[in-house]
Structures are given as C-alpha cells and as structure tokens.
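Shown next: run-v3.cif, containing mmCIF, C-alpha atoms.
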data_my_file
loop_
_atom_site.label_atom_id
_atom_site.label_comp_id
_atom_site.auth_asym_id
_atom_site.auth_seq_id
_atom_site.Cartn_x
_atom_site.Cartn_y
_atom_site.Cartn_z
CA MET A 1 -9.95 -3.33 -33.48
CA LEU A 2 -6.94 -4.22 -31.38
CA LYS A 3 -5.43 -7.63 -32.12
CA THR A 4 -2.95 -8.03 -29.28
CA ARG A 5 -3.94 -10.76 -26.82
CA ILE A 6 -2.77 -10.94 -23.26
CA LYS A 7 -1.76 -14.54 -22.67
CA ARG A 8 -2.12 -15.18 -19.00
CA GLY A 9 -4.65 -17.09 -16.96
CA PRO A 10 -6.74 -15.66 -14.15
CA LYS A 11 -5.49 -15.68 -10.55
CA LYS A 12 -7.86 -17.08 -7.95
CA GLN A 13 -6.46 -14.90 -5.14
CA PHE A 14 -7.48 -11.76 -7.06
CA GLY A 15 -10.99 -13.03 -7.72
CA GLN A 16 -10.37 -12.81 -11.46
CA ASN A 17 -13.13 -13.96 -13.81
CA PHE A 18 -12.48 -12.41 -17.21
CA LEU A 19 -15.47 -11.37 -19.33
CA THR A 20 -15.38 -13.17 -22.66
CA ASN A 21 -18.65 -12.10 -24.29
CA LYS A 22 -18.14 -8.83 -26.15
CA ASN A 23 -21.90 -8.24 -26.40
CA VAL A 24 -22.08 -8.15 -22.61
CA VAL A 25 -19.20 -5.68 -22.52
CA LYS A 26 -20.93 -3.46 -25.06
CA ARG A 27 -24.09 -3.57 -22.95
CA MET A 28 -22.15 -2.29 -19.95
CA VAL A 29 -20.71 0.60 -21.96
CA GLU A 30 -24.14 1.43 -23.38
CA THR A 31 -25.71 1.26 -19.91
CA ALA A 32 -23.15 3.74 -18.63
CA SER A 33 -23.91 6.03 -21.60
CA VAL A 34 -20.18 6.48 -22.20
CA THR A 35 -19.21 9.28 -24.61
CA LYS A 36 -15.98 10.88 -25.78
CA GLU A 37 -16.53 13.62 -23.20
CA ASP A 38 -16.42 11.18 -20.28
CA THR A 39 -13.69 10.28 -17.83
CA ILE A 40 -14.01 6.65 -16.73
CA LEU A 41 -12.46 4.81 -13.80
CA GLU A 42 -12.19 1.08 -14.44
CA ILE A 43 -11.31 -1.41 -11.71
CA GLY A 44 -9.31 -4.47 -12.73
CA PRO A 45 -9.08 -4.20 -16.52
CA GLY A 46 -7.75 -7.77 -16.65
CA LYS A 47 -7.09 -8.55 -20.30
CA GLY A 48 -8.64 -5.29 -21.45
CA THR A 49 -11.93 -6.46 -23.01
CA LEU A 50 -14.01 -3.78 -21.28
CA THR A 51 -11.15 -1.29 -21.48
CA GLU A 52 -11.07 -1.61 -25.26
CA ASN A 53 -14.76 -0.80 -25.60
CA LEU A 54 -14.48 2.15 -23.25
CA LEU A 55 -11.59 3.54 -25.28
CA LEU A 56 -13.38 2.98 -28.58
CA SER A 57 -16.17 5.22 -27.26
CA GLY A 58 -13.61 8.02 -27.12
CA ALA A 59 -13.59 8.34 -23.34
CA THR A 60 -10.50 8.92 -21.22
CA VAL A 61 -9.95 5.87 -19.03
CA TYR A 62 -8.13 5.45 -15.72
CA ALA A 63 -7.58 1.68 -15.41
CA ILE A 64 -6.49 0.41 -11.98
CA GLU A 65 -4.89 -3.04 -12.08
CA LYS A 66 -3.50 -4.83 -9.02
CA ASP A 67 -2.04 -7.81 -10.89
CA ARG A 68 1.45 -6.76 -12.01
CA ASP A 69 1.67 -9.72 -14.41
CA LEU A 70 -1.10 -8.19 -16.53
CA ILE A 71 0.47 -4.73 -16.80
CA PRO A 72 3.01 -5.49 -19.61
CA GLY A 73 0.31 -7.00 -21.83
CA LEU A 74 -2.04 -4.08 -21.24
CA LYS A 75 0.76 -1.62 -22.03
CA GLU A 76 1.49 -3.41 -25.29
CA LYS A 77 -2.16 -3.77 -26.31
CA PHE A 78 -3.05 -0.15 -25.60
CA SER A 79 0.30 1.53 -26.33
CA GLU A 80 -1.21 4.15 -28.66
CA TYR A 81 -3.94 5.07 -26.18
CA ILE A 82 -1.37 5.37 -23.40
CA LYS A 83 0.85 7.50 -25.63
CA ASN A 84 -2.09 9.81 -26.42
CA LYS A 85 -3.04 9.93 -22.72
CA LYS A 86 -6.48 8.45 -23.36
CA LEU A 87 -5.57 5.52 -21.11
CA ILE A 88 -3.88 6.05 -17.78
CA LEU A 89 -2.84 2.61 -16.53
CA ILE A 90 -2.09 2.42 -12.80
CA GLU A 91 -0.64 -0.62 -11.04
CA LYS A 92 -2.31 -0.51 -7.66
CA ASP A 93 -5.02 -2.04 -5.46
CA ILE A 94 -8.18 0.02 -5.97
CA ARG A 95 -8.61 0.13 -2.20
CA ASP A 96 -5.36 2.10 -1.94
CA ILE A 97 -6.28 4.70 -4.55
CA ASN A 98 -6.66 8.33 -3.52
CA LEU A 99 -9.08 9.91 -5.98
CA LYS A 100 -7.54 13.32 -5.35
CA SER A 101 -4.28 12.06 -6.82
CA LEU A 102 -6.12 11.32 -10.08
CA LYS A 103 -7.41 14.91 -10.11
CA LEU A 104 -11.00 13.75 -10.40
CA LYS A 105 -13.79 16.07 -9.31
CA THR A 106 -17.13 15.22 -7.71
CA GLY A 107 -19.70 14.22 -10.31
CA SER A 108 -17.30 14.64 -13.23
CA TRP A 109 -16.48 10.96 -13.84
CA LYS A 110 -18.06 7.51 -14.07
CA LEU A 111 -17.13 4.17 -12.54
CA VAL A 112 -17.50 1.23 -14.94
CA ALA A 113 -16.11 -2.16 -13.96
CA ASN A 114 -16.34 -5.92 -13.78
CA ILE A 115 -15.29 -6.01 -10.14
CA PRO A 116 -13.89 -8.88 -8.04
CA TYR A 117 -16.98 -10.02 -6.16
CA TYR A 118 -15.21 -10.41 -2.82
CA ILE A 119 -14.75 -6.62 -2.57
CA THR A 120 -18.21 -5.60 -3.81
CA GLY A 121 -19.25 -4.15 -0.44
CA GLU A 122 -16.02 -2.18 -0.18
CA ILE A 123 -16.51 -0.78 -3.69
CA PHE A 124 -19.98 0.49 -2.81
CA ARG A 125 -18.77 2.12 0.40
CA THR A 126 -15.54 3.53 -1.03
CA PHE A 127 -17.13 5.35 -3.96
CA LEU A 128 -20.61 6.20 -2.70
CA GLU A 129 -19.35 7.65 0.59
CA ASN A 130 -16.38 9.38 -1.02
CA LYS A 131 -16.17 13.18 -1.11
CA ILE A 132 -15.25 12.81 -4.79
CA GLN A 133 -18.30 10.81 -5.89
CA PRO A 134 -18.77 9.58 -9.45
CA SER A 135 -21.86 10.70 -11.37
CA SER A 136 -22.77 7.05 -11.94
CA MET A 137 -21.55 3.51 -11.28
CA THR A 138 -22.08 0.63 -13.71
CA LEU A 139 -20.90 -2.66 -12.28
CA MET A 140 -20.92 -6.38 -12.86
CA VAL A 141 -21.90 -7.97 -9.55
CA GLN A 142 -23.10 -11.31 -8.24
CA LYS A 143 -26.73 -11.90 -9.26
CA GLU A 144 -27.99 -12.19 -5.67
CA VAL A 145 -26.21 -8.96 -4.72
CA GLY A 146 -27.84 -7.13 -7.61
CA GLN A 147 -31.25 -8.39 -6.49
CA ARG A 148 -30.62 -7.27 -2.92
CA VAL A 149 -29.43 -3.81 -3.97
CA VAL A 150 -32.71 -3.08 -5.78
CA ALA A 151 -34.78 -5.01 -3.17
CA ARG A 152 -36.19 -7.26 -5.88
CA ASP A 153 -38.31 -9.14 -3.30
CA GLY A 154 -39.83 -5.92 -1.96
CA LYS A 155 -37.86 -6.19 1.28
CA GLU A 156 -35.18 -3.61 1.99
CA SER A 157 -31.83 -4.53 3.55
CA ILE A 158 -28.94 -2.60 5.00
CA LEU A 159 -27.26 -3.01 1.59
CA SER A 160 -30.18 -1.68 -0.46
CA ILE A 161 -30.79 1.32 1.80
CA SER A 162 -27.04 2.05 2.02
CA VAL A 163 -26.97 2.34 -1.78
CA LYS A 164 -30.30 4.14 -2.24
CA VAL A 165 -29.42 6.98 0.12
CA TYR A 166 -26.78 7.99 -2.45
CA GLY A 167 -28.39 7.23 -5.81
CA LYS A 168 -30.89 5.26 -7.86
CA PRO A 169 -29.91 1.60 -8.44
CA THR A 170 -31.26 -0.30 -11.44
CA LEU A 171 -30.80 -3.97 -12.23
CA VAL A 172 -30.12 -3.91 -15.97
CA SER A 173 -29.80 -7.60 -16.86
CA TYR A 174 -28.68 -11.00 -15.66
CA ILE A 175 -25.48 -12.48 -17.07
CA SER A 176 -24.95 -16.26 -16.95
CA ARG A 177 -21.70 -17.68 -15.60
CA GLY A 178 -20.77 -19.01 -19.05
CA ASN A 179 -19.82 -15.49 -20.16
CA PHE A 180 -16.67 -15.56 -17.99
CA PHE A 181 -13.38 -17.42 -17.88
CA PRO A 182 -13.06 -19.24 -15.66
CA ALA A 183 -16.81 -19.60 -15.11
CA PRO A 184 -17.64 -18.51 -11.53
CA ASN A 185 -19.90 -20.58 -9.29
CA VAL A 186 -22.65 -17.94 -9.50
CA ASP A 187 -24.52 -16.01 -12.16
CA SER A 188 -24.01 -12.27 -12.40
CA ALA A 189 -25.91 -9.07 -13.05
CA ILE A 190 -25.21 -5.66 -14.50
CA ILE A 191 -26.39 -2.90 -12.20
CA THR A 192 -26.17 0.83 -12.56
CA ILE A 193 -26.44 3.53 -9.91
CA THR A 194 -27.33 6.96 -11.24
CA ASN A 195 -27.99 10.45 -9.81
CA ILE A 196 -25.31 9.94 -7.18
CA ASN A 197 -25.18 12.70 -4.56
CA LYS A 198 -25.45 13.35 -0.81
CA ASP A 199 -28.68 15.36 -0.80
CA PHE A 200 -30.33 12.69 1.38
CA PHE A 201 -28.35 13.79 4.43
CA LYS A 202 -30.19 16.84 5.70
CA GLY A 203 -30.63 17.18 9.45
CA PHE A 204 -28.37 14.22 10.22
CA SER A 205 -24.95 12.92 9.24
CA GLU A 206 -23.91 9.84 7.29
CA LYS A 207 -22.38 8.43 10.47
CA GLU A 208 -25.64 8.85 12.39
CA LEU A 209 -27.71 7.24 9.67
CA PHE A 210 -25.45 4.22 9.31
CA GLU A 211 -25.43 3.67 13.05
CA ILE A 212 -29.22 3.59 12.95
CA LEU A 213 -29.26 1.28 9.93
CA LYS A 214 -26.73 -1.13 11.40
CA THR A 215 -28.66 -1.35 14.66
CA GLY A 216 -32.04 -1.42 12.96
CA PHE A 217 -31.12 -4.47 10.88
CA ALA A 218 -29.10 -6.19 13.63
CA HIS A 219 -31.86 -8.71 14.40
CA LYS A 220 -34.01 -9.19 11.32
CA ARG A 221 -36.92 -10.90 13.10
CA LYS A 222 -37.26 -8.18 15.74
CA PHE A 223 -39.28 -5.02 15.27
CA LEU A 224 -37.25 -1.94 14.40
CA PHE A 225 -38.25 -0.21 17.63
CA SER A 226 -36.89 -3.11 19.68
CA ASN A 227 -33.57 -3.09 17.82
CA LEU A 228 -33.10 0.67 18.11
CA SER A 229 -33.98 0.71 21.82
CA SER A 230 -30.52 -0.76 22.46
CA ILE A 231 -28.93 2.59 21.55
CA ILE A 232 -31.77 5.10 22.05
CA SER A 233 -33.92 5.60 25.15
CA GLY A 234 -37.50 4.37 24.89
CA GLU A 235 -39.16 7.75 25.42
CA LYS A 236 -37.00 9.53 22.85
CA LEU A 237 -37.48 6.69 20.39
CA GLN A 238 -41.26 6.68 20.77
CA LYS A 239 -41.33 10.42 20.14
CA ALA A 240 -39.20 9.98 17.00
CA PHE A 241 -41.47 7.21 15.66
CA ARG A 242 -44.56 9.37 16.24
CA LYS A 243 -42.95 12.38 14.55
CA ALA A 244 -41.96 10.27 11.55
CA ASN A 245 -45.41 8.64 11.49
CA ILE A 246 -43.92 5.15 11.70
CA PRO A 247 -45.76 2.33 13.55
CA LEU A 248 -43.95 0.67 16.45
CA ASN A 249 -44.65 -2.82 15.11
CA ILE A 250 -42.69 -2.60 11.90
CA ARG A 251 -39.46 -4.28 10.84
CA GLY A 252 -36.54 -2.47 9.23
CA GLU A 253 -36.98 -4.33 5.94
CA ASP A 254 -40.47 -2.85 5.54
CA LEU A 255 -39.47 0.81 5.86
CA SER A 256 -39.28 2.85 2.68
CA LEU A 257 -36.34 5.10 1.89
CA SER A 258 -38.31 8.22 2.80
CA GLN A 259 -39.34 6.67 6.13
CA TRP A 260 -35.70 6.02 7.01
CA ARG A 261 -34.94 9.64 6.20
CA ASP A 262 -37.82 10.91 8.36
CA LEU A 263 -36.84 8.63 11.23
CA ALA A 264 -33.15 9.66 11.12
CA ALA A 265 -34.17 13.33 11.08
CA SER A 266 -36.50 12.81 14.06
CA ILE A 267 -34.06 11.05 16.38
#

Same coordinates, now as structure tokens:
Amino acid sequence: MLKTRIKRGPKKQFGQNFLTNKNVVKRMVETASVTKEDTILEIGPGKGTLTENLLLSGATVYAIEKDRDLIPGLKEKFSEYIKNKKLILIEKDIRDINLKSLKLKTGSWKLVANIPYYITGEIFRTFLENKIQPSSMTLMVQKEVGQRVVARDGKESILSISVKVYGKPTLVSYISRGNFFPAPNVDSAIITITNINKDFFKGFSEKELFEILKTGFAHKRKFLFSNLSSIISGEKLQKAFRKANIPLNIRGEDLSLSQWRDLAASI
C-alpha cells in the first residue's frame, strides 16, 4: 500500500469532498468490475484514494485533475505508476478534455469517479452523448440525483429518460455524508450505468428526441400532448400519439422508455 499522504485541504470552489472510507472506494471499484485489462478515466482524483484502488486492480488510469495544488502530491504518491505508464495524470478541467486526444475508443474504457456534484448534469451529457462513449460509468452522485436517475418513485423525469436512452442505470447503494471530508450537506449514492450505446436512436436523431423531451417535461402538471402542441401541429401530434398507441391524457412522467421511443419515431 502507498504511504504518501497529500497534505492539502479541499477547495470549496472546486466542489471538493474527499472520500475517506476505503470500503466505499472498494465498493465503487467492485461495482465497475475493474480488471487489469481495463482503461479507466477518473475525474478529480483529489488525494488519490480512489485512484490507488483503481491502480491496485491493475488497470491503466487516466486521472484528470483541475486543482494544480494537488498535482505535485499525486505525482509523488504515484511516481512508480506514472513511470510505468499505468497512471496518466492530466492537469485540466474535465469539461475541456477531448477524448480523442487520449486515444480512447468507443466502448473500450470505463468512467469511474467521485465527481463534483455541481457538474453532475454536464458529466452525464458529456460522456453519454459523446461519440467516444465509455462502456460503463460508475459515479458517486447526490442521493436525490441517484434516485431521480433510476426513477425510484416510479415517475420518469427528463434526467432519467436522458440517461436511460443510452444505458441501464442502477442505484447500487447510499453513502452517508460522514464518509467524506469535509462532510457535504447531502447524502450520496453510488450509481452505475451499463450497456452504454446509441442503439435507441433509430428513425430519429438525438437532437430531435431531446427537443421532444425538453418540451414534454416543460410543464409537469400539463398533459404531454398539451406541452408538445407548442412545437408540433395538433393534427400531426394526434396522428403520432395514435400510431404510438399513447393516450392523449397522459403526462410525460408516466411514459415508459419504449413509449418515448415509439412517440419520437412517430412524429
């Protein structure tokens, strides 16, 4: 085990809450089914707790760290892994990373990260919509976000559908705030998204679907037909609903994933 410690407190502006419970970290690595054959992209390695466990699995890790003050400590702690090219440490904002520059290929890598919660939505969009998609994503997210992604209450949302059109989300476990330093104001959850692909989009484009989703969920209390009539003529919309076998008096949150697909293909 590595003994070097990175002595530096978290920065609020970066949304840093360092994981301190090694059992939680191990659970993330196990959830992602990380092996020595894998290439992993980690966002915000921080003090390297998750990074260490990923490296001990034998995987090759690309760690993207925005905080330049953490880079020297990470370089010292993982010097041998860097030397052997098992760890590629990159000082950059993940939102500025071009996956092509890392020479990653679609479906040939995994995303595993304890992400800053304020960019959760951007992380989902950036990697799920990307041409170079990961095969899976295992993330630490805010508890309520994890519940919404899997539609724990049985009601779909623009977030849950936007994830499910690309892969299968699973809420693995809840993680209490006491497992982080500093402790955030919310509890967290480990989620994993597997079977990531773009097979859902047949007969319509991603752009067309997301325009329908955004409009369909614009006014939650209104029926879906009423919301969509703001961008699609009534006659055409009625025909699409009939073709997709969807009742006119239904709200967007009550449509299943397959119904959204049928509707998008019918419009």

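Minimum distance to Leu99 of chain A across A:Val34, A:Ile64, A:Val24, A:Leu54 (counting all atoms listed in the file) occurs at A:Ile64.
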
| Result set of the PyMOL selection byres ((chain A and resi 197) around 7) on the coordinates above, as a PyMOL selection string | chain A and resi 166-167+195-196+198-199

| query | Pick from A:Ala189, A:Ala264, A:Ala113, A:Ala244: nearest to Lys202 of chain A, with all atoms listed in the file counted? | reply | A:Ala264

| request: Could you give me, as number ranges by chain, the residues that sit within 9 Å of (-25.5, 0.6, 2.7) in the file's coordinates, counting all atoms listed in the file? | output: A: 121, 124-125, 149, 157-165, 210, 213-214

| Can you list, as a count of residues only, the residues that the PyMOL selection byres ((chain A and resi 138) around 12) selects here? | 45

| request: Please write the residues picked by the PyMOL selection byres ((chain A and resi 209) around 12) on this file as a ChimeraX atom specification. | output: /A:158,161-162,165,200-208,210-216,228,257,260-267

| message | As an exercise, work out the distance from atom CA of Asn23 of chain A to atom CA of Pro45 of chain A in Å and give it to one decimal place. | response | 16.7 Å

| field | Nearest to Leu56 of chain A, chosen from A:Lys75, A:Lys100, A:Lys86, A:Arg68, with only C-alpha atoms counted in the distances | value | A:Lys86

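Computed from the coordinates, the atom CA of Phe217 of chain A to atom CA of Gln147 of chain A distance equals 17.8 Å.
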